[in-house]
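Encoded as structure tokens, the structure appears first; notes follow it.
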Amino acid sequence: MKIELNSVYNPEVPENKWYEVWEKNGFFTSSPDAQKKPFSIVIPPPNVTGALHMGHALNNTLQDVLIRWRKMRGDNTVWVPGTDHGGIATQNVVERLLAKEKKTRHDLGREKFLEYMWNWRREAGDQILRQLRKLGCGCDWTRTRFTMDDQHSRAVTAAFVELYQRHMLYRGTRLVNWCCRCDTALADIEVEHVERDGRLWHIRYPFRPDQPLPEGSSNCVVVATTRPETMLGDTAVAVHPDDPRYKDVIGKILILPLMNREIPIVADPAVDPTFGTGAVKVTPSHDQADFEIAQRHRLPHEMVIGFNARMTDRAGRYAGQSLAECRRNVVNDLTELGLMEKEDPYRHSVAVCYRCDSIIEPLESTQWFLKTTGGLAGRAAQSTRNGRVRIFPESWEKPYLQWLDHNRDWCVSRQIWWGHKIPVWYCLNCSQFTEEQLQLLAKDPGFKGETAKMILRNSSGEPIVRVQEPIVCPHCGREEIIRDPDVLDTWFSSALWPFSVFGWTGPRQRTPPPPEGTVIESKDLAPQDYYYPTSVLVTGHEILYLWVARMVMMGEELASEVPFRHVFVHGIVRDKQGKKMSKSLGNVIDPLDVIKKYGADALRFSLATSAVPGRDMQLSDENFLAARNFANKIWNASRFVLMNLEDYTPADIPLATRDLADRWIRRRCAETVGAVDELLGQYDISAAARRLYAFFWNEFCDWYIEMAKIRLQDRAHPGRRAAQQTLVETLDGVLRALHPIMPFITEELWQSFRQTTGQPVGDTVSLMTASFTGSPSAEETGDEVPRSMGFLMDLITSVRTIRSEMNVPIAKTVDMVVRFGAVNGMAESAKTLLKSHEIVIQRLAKVASIRSDETTVRPAQSASAVVGPLEIFIPVGGLIDFEKERKRIEKEIGLLETDVGRVTQRLENREFLEKAPSAEVEKTRERLLDVQSKLKRLKGHLAVLV
RNA sequence: GGGCGGUUAGCUCAGCGGCAGAGCAUUGCCCUUACAAGGCAGGGGUCAGAGGUUCGAAUCCUCUACCGCCCACCA
């Protein structure tokens with residue numbers, strides 16, 4: 001074969017070539033096959049909010065590594081791709097786009113807006129899938145799904161109705177987290193808390209004057225608050241029942257300033273007497289804790305803040321004001337009245353929306369909730385506790401369980417437009433609307449306005465929950481039915497993803513899985529039984545609760561089985577400063593830019609290397625550069641091998657006729673592949689990648705190839721065929737092991753090899769479908785081979801060090817004089833090695849001649865070293881720098897002396913001898929002898945150094 | 001207020017009971033026909049601090065300090 005490979009690796013060529021070949025040959029597709037073990041992954045569907053970011057690149061690289069690895073291991077692998085409609089996140093993106101045209105979604109109206117959304121999602125969705133291909137992801141594209149396609153929509157509706165019928169979904173009036181900007185309720189977990197500088201205002205609430213007050217008490221109660229504007233909605237003041245300061249005023253009536261409303265003082269154990277003044281204003285409609293106090297004391301609710309973030313009519317003269325305006329006015333008014341006692345700076349946490357960072361208002365509202373407490377969350381936790389869902393690394397198990405254990409019911413209804421409409425209808429007749437409400441509804445037939453929505457949301461009638469749109473009310477038979485305008489939380493929909501993608505569109509009876517190890521006979525298994533539960537879910541820890549926990553709950557409840565056996569939790573990609581990458585911070589690295597600059601394999605390799613279990617990672621150009629260099633190294637090493645295969649024919653060369661180096665590298669290769677296999681099984685992809693890097697570079701390239709050159713450069717060399725064969729085997733083995741991480745370059749090179757070595761090449765022969773563990777296999781045992789190789793490497797390094805220290809020019813060869821120590825086994829084998837590897841030493845250490853005997857006298861003007869049982873002398877003539885040589889030897893002596901000291905001390909320790917494992921003691925003894933002998937000889941060298 | 005993780009070479013990080021490692025940076029020599037995106041050889045560390053467990057601790061335990069995440073209804 002003509003060698004056309006350039007000396008600089010150009011990733012574009014294989015990247016543009018192979019993906020198409022793989023896809024065209026159907027290597028990514030999968031169908032149930034009872035003869036083969038399934039290995040299935042469903043993609044965490046990226047939101048169609050825009051392009052893929054580095055976090056996606058990481059997530060999908062890791063999945064692809066696992067998929068490709070398991071495929072090469074012979075499993076029937078499937079990786080289901082798709083995208084998520086992304087609810088609020090996506091709607092926000094599109095709304096921002098509209099804002100640039102100075103439009104809001106209300107200008108378009110619901111229908112037009114949704115049309116706009118669908119157009120957006122087509123573009124963004126396609127882009128994401130294209131990017132996954134660029135990355136090299138081996139997804140089964142025939143199964144591509146979207147969380148708002150017909151099938152998934154059917155699943156969502158079916159799930160809603162089913163859960164409603166099982167009384168797990170209910171409508172309730174609660175304090176919910178309301179984002180005034182996104183105009184919707186949010187689940188608790190969608191709220192973030194940020195520390196902000198604020199103030200703590202102390203306000204005087206006067207007693208109603210007609211009451212008898214205890215001796216010496218003041219005429220008011222002071223309450224502390226960070227939100228003075230909410231006082232307009234106060235319906236009580238609460239104190240701790242045992243607080244001596246207030247014991248006697250419990251039950252008394254206060255006059256709420258500005259509103260002149262009478263409110264009682266109630267005693268509630270939830271009040272912390274040590275905070276502030278020990279008296280708390282109670283605003284049931286706008287504070288969770290107050291809501292609960294109000295429930296216990298049957299206090300009235302005053303909703304003074306509206307869903308539009310303005311004060312409601314209940315706020316008296318403050319009605320219509322924005323929250324900030326109202327706060328200013330309330331503070332001013334109270335100050336004027338002399339009711340503001342003081343105002344302290346105060347740092348506290350503020351609730352903000354996870355999608356837009358706006359402040360969250362706790363508002364009273366009627367919403368749909370999934371009852372997760374008790375049953376659902378409990379069972380999900382149980383399945384991890386009993387090992388049916390294992391989490392890797394284990395350190396995530398505790399926080400995961402903790403979250404499930406402290407779970408609260410999940411608010412699943414959203415008031416945005418982009419999403420699955422909830423399958424709920426109301427009968428105007430049965431809903432007991434007031435005349436006034438009906439009129440308002442009539443004014444807004446599409447129920448697009450806030451008022452109409454509120455009326456519907458708060459209607460008291462029994463909702464009609466159906467898969468199919470009802471034509472008449474099932475209760476009264478009348479046709480005046482209207483659909484609830486709410487949509488579902490996007491996470492409700494994605495919680496169904498793992499079984500929806502395999503065809504689930506409603507619950508069904510499921511036969512229990514056969515016992516482990518049973519051979520399944522049936523040929524036409526339903527995909528959901530074959531691939532489900534999936535093998536592993538690969539995800540970042542930021543959506544462990546938001547998504548993973550919910551999938552487990554839904555899987556168990558609706559699909560009768562957990563959605564995955566393993567959860568592989570990886571870290572989050574951060575920038576060089578350790579900050580999370582985000583568009584607003586402007587610190588994002590675009591994966592496509594990296595691919596363009598360094599190649600997809602380099603990107604994948606650096607992501608894989610950085611994916612240390614349980615740790616977030618910082619990425620920068622340096623990582624990509626190092627990986628790019630590695631790809632180049634692979635390229636050039638392979639080029640070298642290819643260049644030496646012109647006269648190669650595959651040969652079965654028995655071990656006995658192979659060189660020490662051949663046997664060594666074959667063994668190391670097998671060990672490396674074995675280790676990589678095991679590490680991948682533990683989801684330690686980082687360690688696997690590092691292991692491959694070290695083997696390829698430091699062992700295969702730095703030593704083996706260099707040694708093999710000797711036999712290759714002489715066409716007539718008797719060892720040439722063995723060297724060629726070993727090179728081919730090793731390269732083949734390591735390319736296979738590298739393929740899951742670096743698919744493009746390995747395929748390209750592997751194909752070249754197949755061609756050069758005369759093995760079948762064609763579209764259907766691909767490294768993708770080759771076996772992970774190829775040759776060489778580990779037939780070497782014992783420590784003879786590695787020990788001999790170690791000795792040779794030490795020897796060569798020692799000579800090189802001397803040459804370098806003495807500034808011997810590279811072109812100049814040196815002579816080597818060797819003296820053997822005591823005649824023993826080690827000296828004998830060293831002698832043999834020296835003889836058999838004379839040429840190797842000569843070539844790698846640039847040595848002209850080797851003279852050796854037992855009684856050699858040190859040549860004049862020579863530098864020296866001790867290697868195992870040998871003393872070596874390198875006469876360097878005028879180049880000798882005695883000072884430098886002395887320092888070098890002294891340094892080594894120093895190191896050896898501390899070593900001798902440490903080891904001696906250990907061996908003099910009785911307890912060590914008694915308690916340490918005997919192998920350890922033996923090892924230490926040997927080491928002492930080694931080190932002592934080396935030390936003695938080096939000291940001798942120093943003494944005669946002239 | 002709880003929980004988790006981090007602190008190892010100048011930088012970024014592996015290692016997590018038995019001779020302190022890698023990449024980048026750095027010093028010297030080399031364009032040695034696979035690779036200068038490279039080769040060879042160096043220099044550089046009280047493994048945050050203090051206790052403890054152990055024959056033996058960077059590694060296990062406790063505490064402290066600083067950094068970072070996550071959870072929680074402290075007005």
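Residue numbering restarts at 1 in every chain; chains get A, B, ... in the order shown in the structure tokens, and ligands count up from 1 in that same order.
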At a cut-off of 12 Å, using only C-alpha atoms (C1' of nucleotides), what residues contact G49 in chain B? Leave out same-chain residues fewer than 2 positions from it and give the result as a short mmCIF file (atom, residue, chain, number, x, y, z; two decimals) with all heavy atoms, in the first residue's frame.
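Output saved as part.cif:
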```
data_model
loop_
_atom_site.label_atom_id
_atom_site.label_comp_id
_atom_site.auth_asym_id
_atom_site.auth_seq_id
_atom_site.Cartn_x
_atom_site.Cartn_y
_atom_site.Cartn_z
P U B 7 -7.98 17.67 47.20
OP1 U B 7 -7.14 17.06 46.17
OP2 U B 7 -8.39 16.90 48.40
"O5'" U B 7 -7.30 19.03 47.69
"C5'" U B 7 -7.04 20.07 46.74
"C4'" U B 7 -6.61 21.31 47.49
"O4'" U B 7 -7.66 21.63 48.43
"C3'" U B 7 -5.32 21.11 48.28
"O3'" U B 7 -4.36 22.12 47.97
"C2'" U B 7 -5.74 21.16 49.74
"O2'" U B 7 -4.85 21.94 50.51
"C1'" U B 7 -7.09 21.88 49.70
N1 U B 7 -8.00 21.38 50.75
C2 U B 7 -8.26 22.21 51.83
O2 U B 7 -7.79 23.33 51.93
N3 U B 7 -9.08 21.68 52.79
C4 U B 7 -9.66 20.43 52.77
O4 U B 7 -10.39 20.09 53.71
C5 U B 7 -9.34 19.62 51.63
C6 U B 7 -8.53 20.11 50.67
P U B 46 7.44 21.86 50.24
OP1 U B 46 6.87 23.21 50.41
OP2 U B 46 8.90 21.63 50.18
"O5'" U B 46 6.78 20.96 51.37
"C5'" U B 46 7.49 20.75 52.54
"C4'" U B 46 7.22 19.35 53.04
"O4'" U B 46 7.81 19.23 54.34
"C3'" U B 46 5.73 19.08 53.24
"O3'" U B 46 5.47 17.73 52.84
"C2'" U B 46 5.47 19.36 54.70
"O2'" U B 46 4.67 18.38 55.34
"C1'" U B 46 6.86 19.32 55.37
N1 U B 46 7.07 20.57 56.11
C2 U B 46 6.30 20.80 57.24
O2 U B 46 5.48 20.02 57.63
N3 U B 46 6.52 22.00 57.86
C4 U B 46 7.41 22.97 57.50
O4 U B 46 7.49 24.00 58.16
C5 U B 46 8.18 22.66 56.33
C6 U B 46 7.98 21.51 55.69
P G B 51 0.31 17.78 66.44
OP1 G B 51 1.51 17.86 67.27
OP2 G B 51 0.32 16.94 65.20
"O5'" G B 51 -0.91 17.34 67.34
"C5'" G B 51 -1.03 16.01 67.74
"C4'" G B 51 -2.45 15.74 68.17
"O4'" G B 51 -3.38 16.38 67.23
"C3'" G B 51 -2.81 14.27 68.10
"O3'" G B 51 -2.39 13.59 69.27
"C2'" G B 51 -4.32 14.31 67.90
"O2'" G B 51 -5.00 14.62 69.09
"C1'" G B 51 -4.43 15.48 66.92
N9 G B 51 -4.23 15.01 65.54
C8 G B 51 -3.20 15.32 64.68
N7 G B 51 -3.30 14.74 63.52
C5 G B 51 -4.47 13.99 63.61
C6 G B 51 -5.09 13.14 62.66
O6 G B 51 -4.73 12.88 61.51
N1 G B 51 -6.25 12.56 63.18
C2 G B 51 -6.75 12.78 64.44
N2 G B 51 -7.87 12.13 64.73
N3 G B 51 -6.18 13.57 65.33
C4 G B 51 -5.06 14.14 64.85
P C B 63 -15.50 15.94 63.76
OP1 C B 63 -16.85 16.23 64.27
OP2 C B 63 -15.29 15.67 62.32
"O5'" C B 63 -14.53 17.13 64.18
"C5'" C B 63 -14.53 17.62 65.52
"C4'" C B 63 -13.30 18.46 65.77
"O4'" C B 63 -12.11 17.70 65.44
"C3'" C B 63 -13.16 19.70 64.88
"O3'" C B 63 -13.95 20.77 65.33
"C2'" C B 63 -11.66 19.98 65.01
"O2'" C B 63 -11.34 20.59 66.24
"C1'" C B 63 -11.08 18.57 64.98
N1 C B 63 -10.67 18.18 63.60
C2 C B 63 -9.47 18.69 63.10
O2 C B 63 -8.79 19.43 63.81
N3 C B 63 -9.07 18.35 61.85
C4 C B 63 -9.83 17.54 61.12
N4 C B 63 -9.40 17.24 59.90
C5 C B 63 -11.07 17.02 61.60
C6 C B 63 -11.46 17.36 62.84
P U B 64 -14.49 21.83 64.28
OP1 U B 64 -15.40 22.74 64.98
OP2 U B 64 -14.96 21.10 63.08
"O5'" U B 64 -13.16 22.62 63.90
"C5'" U B 64 -12.48 23.39 64.90
"C4'" U B 64 -11.26 24.04 64.30
"O4'" U B 64 -10.30 23.02 63.90
"C3'" U B 64 -11.50 24.83 63.02
"O3'" U B 64 -12.01 26.13 63.28
"C2'" U B 64 -10.09 24.86 62.41
"O2'" U B 64 -9.26 25.82 63.04
"C1'" U B 64 -9.59 23.45 62.75
N1 U B 64 -9.83 22.51 61.63
C2 U B 64 -8.93 22.52 60.57
O2 U B 64 -7.97 23.26 60.54
N3 U B 64 -9.22 21.63 59.57
C4 U B 64 -10.28 20.76 59.51
O4 U B 64 -10.40 20.02 58.53
C5 U B 64 -11.17 20.82 60.63
C6 U B 64 -10.93 21.67 61.63
P A B 65 -12.96 26.81 62.18
OP1 A B 65 -13.54 28.02 62.79
OP2 A B 65 -13.83 25.78 61.58
"O5'" A B 65 -11.89 27.26 61.08
"C5'" A B 65 -10.90 28.23 61.40
"C4'" A B 65 -9.92 28.35 60.25
"O4'" A B 65 -9.23 27.07 60.09
"C3'" A B 65 -10.55 28.59 58.89
"O3'" A B 65 -10.89 29.95 58.70
"C2'" A B 65 -9.44 28.12 57.96
"O2'" A B 65 -8.40 29.06 57.86
"C1'" A B 65 -8.95 26.88 58.71
N9 A B 65 -9.63 25.66 58.24
C8 A B 65 -10.67 24.98 58.83
N7 A B 65 -11.05 23.91 58.17
C5 A B 65 -10.22 23.89 57.06
C6 A B 65 -10.11 23.00 55.98
N6 A B 65 -10.88 21.94 55.82
N1 A B 65 -9.17 23.27 55.06
C2 A B 65 -8.38 24.34 55.21
N3 A B 65 -8.37 25.25 56.20
C4 A B 65 -9.33 24.95 57.10
P C B 66 -12.36 30.30 58.15
OP1 C B 66 -12.69 31.66 58.63
OP2 C B 66 -13.27 29.17 58.44
"O5'" C B 66 -12.13 30.35 56.59
"C5'" C B 66 -11.20 31.26 56.00
"C4'" C B 66 -10.57 30.65 54.78
"O4'" C B 66 -10.01 29.33 55.13
"C3'" C B 66 -11.52 30.30 53.63
"O3'" C B 66 -11.88 31.44 52.88
"C2'" C B 66 -10.68 29.31 52.85
"O2'" C B 66 -9.64 29.94 52.13
"C1'" C B 66 -10.07 28.49 53.99
N1 C B 66 -10.89 27.30 54.30
C2 C B 66 -10.83 26.18 53.44
O2 C B 66 -10.06 26.24 52.46
N3 C B 66 -11.58 25.09 53.70
C4 C B 66 -12.38 25.07 54.77
N4 C B 66 -13.10 23.98 54.98
C5 C B 66 -12.49 26.19 55.65
C6 C B 66 -11.74 27.27 55.38
#
```
Residues of chain B within 6 Å of chain A, counting only C-alpha atoms (C1' of nucleotides) - could you list those as an mmCIF file with C-alpha atoms (C1' of nucleotides), in the first residue's frame?
```cif
data_model
loop_
_atom_site.group_PDB
_atom_site.id
_atom_site.type_symbol
_atom_site.label_atom_id
_atom_site.label_comp_id
_atom_site.auth_asym_id
_atom_site.auth_seq_id
_atom_site.Cartn_x
_atom_site.Cartn_y
_atom_site.Cartn_z
ATOM 1 C "C1'" A B 34 6.741 7.995 12.781
ATOM 2 C "C1'" C B 35 5.782 12.379 15.231
ATOM 3 C "C1'" A B 37 1.611 18.926 17.872
ATOM 4 C "C1'" A B 41 17.812 14.169 30.083
ATOM 5 C "C1'" C B 55 4.186 -2.071 62.239
ATOM 6 C "C1'" C B 73 -40.640 27.499 55.219
ATOM 7 C "C1'" A B 75 -39.712 36.214 59.593
#
```
Point to revise | Two-atom distance - CA of Thr274 in chain A, CA of Ser349 in chain A (Å) | key: 18.9 Å
Check your understanding: So which residues touch Met553 in chain A within 9 Å, counting only C-alpha atoms (C1' of nucleotides), skipping near sequence neighbours fewer than 4 positions away, as a PyMOL selection string?
Key -> chain A and resi 372+376-381+495+548-549+557-558+562-563
Any chance you could export the current selection's N, CA and C atoms as a PDB file, in the first residue's frame?
```
ATOM      1  N   THR A 372     -46.459  12.903  45.651  1.00  0.00           N
ATOM      2  CA  THR A 372     -45.212  12.115  45.687  1.00  0.00           C
ATOM      3  C   THR A 372     -44.890  11.658  47.096  1.00  0.00           C
ATOM      4  N   LEU A 376     -45.051   7.307  46.198  1.00  0.00           N
ATOM      5  CA  LEU A 376     -44.149   7.436  45.050  1.00  0.00           C
ATOM      6  C   LEU A 376     -42.685   7.640  45.452  1.00  0.00           C
ATOM      7  N   ALA A 377     -42.446   8.666  46.233  1.00  0.00           N
ATOM      8  CA  ALA A 377     -41.065   8.986  46.603  1.00  0.00           C
ATOM      9  C   ALA A 377     -40.483   7.874  47.477  1.00  0.00           C
ATOM     10  N   GLY A 378     -41.317   7.348  48.341  1.00  0.00           N
ATOM     11  CA  GLY A 378     -40.867   6.284  49.234  1.00  0.00           C
ATOM     12  C   GLY A 378     -40.419   5.059  48.456  1.00  0.00           C
ATOM     13  N   ARG A 379     -41.219   4.686  47.465  1.00  0.00           N
ATOM     14  CA  ARG A 379     -40.858   3.505  46.670  1.00  0.00           C
ATOM     15  C   ARG A 379     -39.602   3.766  45.844  1.00  0.00           C
ATOM     16  N   ALA A 380     -39.495   4.992  45.337  1.00  0.00           N
ATOM     17  CA  ALA A 380     -38.300   5.318  44.556  1.00  0.00           C
ATOM     18  C   ALA A 380     -37.057   5.192  45.432  1.00  0.00           C
ATOM     19  N   ALA A 381     -37.150   5.706  46.625  1.00  0.00           N
ATOM     20  CA  ALA A 381     -36.006   5.614  47.546  1.00  0.00           C
ATOM     21  C   ALA A 381     -35.700   4.150  47.845  1.00  0.00           C
ATOM     22  N   ALA A 495     -40.222  12.802  32.607  1.00  0.00           N
ATOM     23  CA  ALA A 495     -40.171  11.688  33.559  1.00  0.00           C
ATOM     24  C   ALA A 495     -40.653  10.388  32.911  1.00  0.00           C
ATOM     25  N   VAL A 548     -34.013  12.655  37.329  1.00  0.00           N
ATOM     26  CA  VAL A 548     -33.743  11.244  37.616  1.00  0.00           C
ATOM     27  C   VAL A 548     -34.739  10.676  38.618  1.00  0.00           C
ATOM     28  N   ALA A 549     -34.919  11.386  39.729  1.00  0.00           N
ATOM     29  CA  ALA A 549     -35.821  10.896  40.770  1.00  0.00           C
ATOM     30  C   ALA A 549     -37.235  10.744  40.228  1.00  0.00           C
ATOM     31  N   GLU A 557     -44.332   3.452  38.960  1.00  0.00           N
ATOM     32  CA  GLU A 557     -45.776   3.570  39.066  1.00  0.00           C
ATOM     33  C   GLU A 557     -46.473   3.142  37.774  1.00  0.00           C
ATOM     34  N   LEU A 558     -45.937   3.575  36.642  1.00  0.00           N
ATOM     35  CA  LEU A 558     -46.662   3.388  35.390  1.00  0.00           C
ATOM     36  C   LEU A 558     -46.134   2.240  34.531  1.00  0.00           C
ATOM     37  N   VAL A 562     -38.445  -0.076  37.478  1.00  0.00           N
ATOM     38  CA  VAL A 562     -37.560   1.091  37.480  1.00  0.00           C
ATOM     39  C   VAL A 562     -37.066   1.364  36.062  1.00  0.00           C
ATOM     40  N   PRO A 563     -36.756   2.600  35.729  1.00  0.00           N
ATOM     41  CA  PRO A 563     -36.399   2.911  34.343  1.00  0.00           C
ATOM     42  C   PRO A 563     -34.972   2.564  33.959  1.00  0.00           C
TER      43      PRO A 563
END
```
Check your understanding: If you measure from CA of Gln382 in chain A to CA of Tyr545 in chain A, what distance in Å do you get, rounded to one decimal?
Key ->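 Taking CA of Gln382 in chain A and CA of Tyr545 in chain A, their separation equals 15.3 Å.
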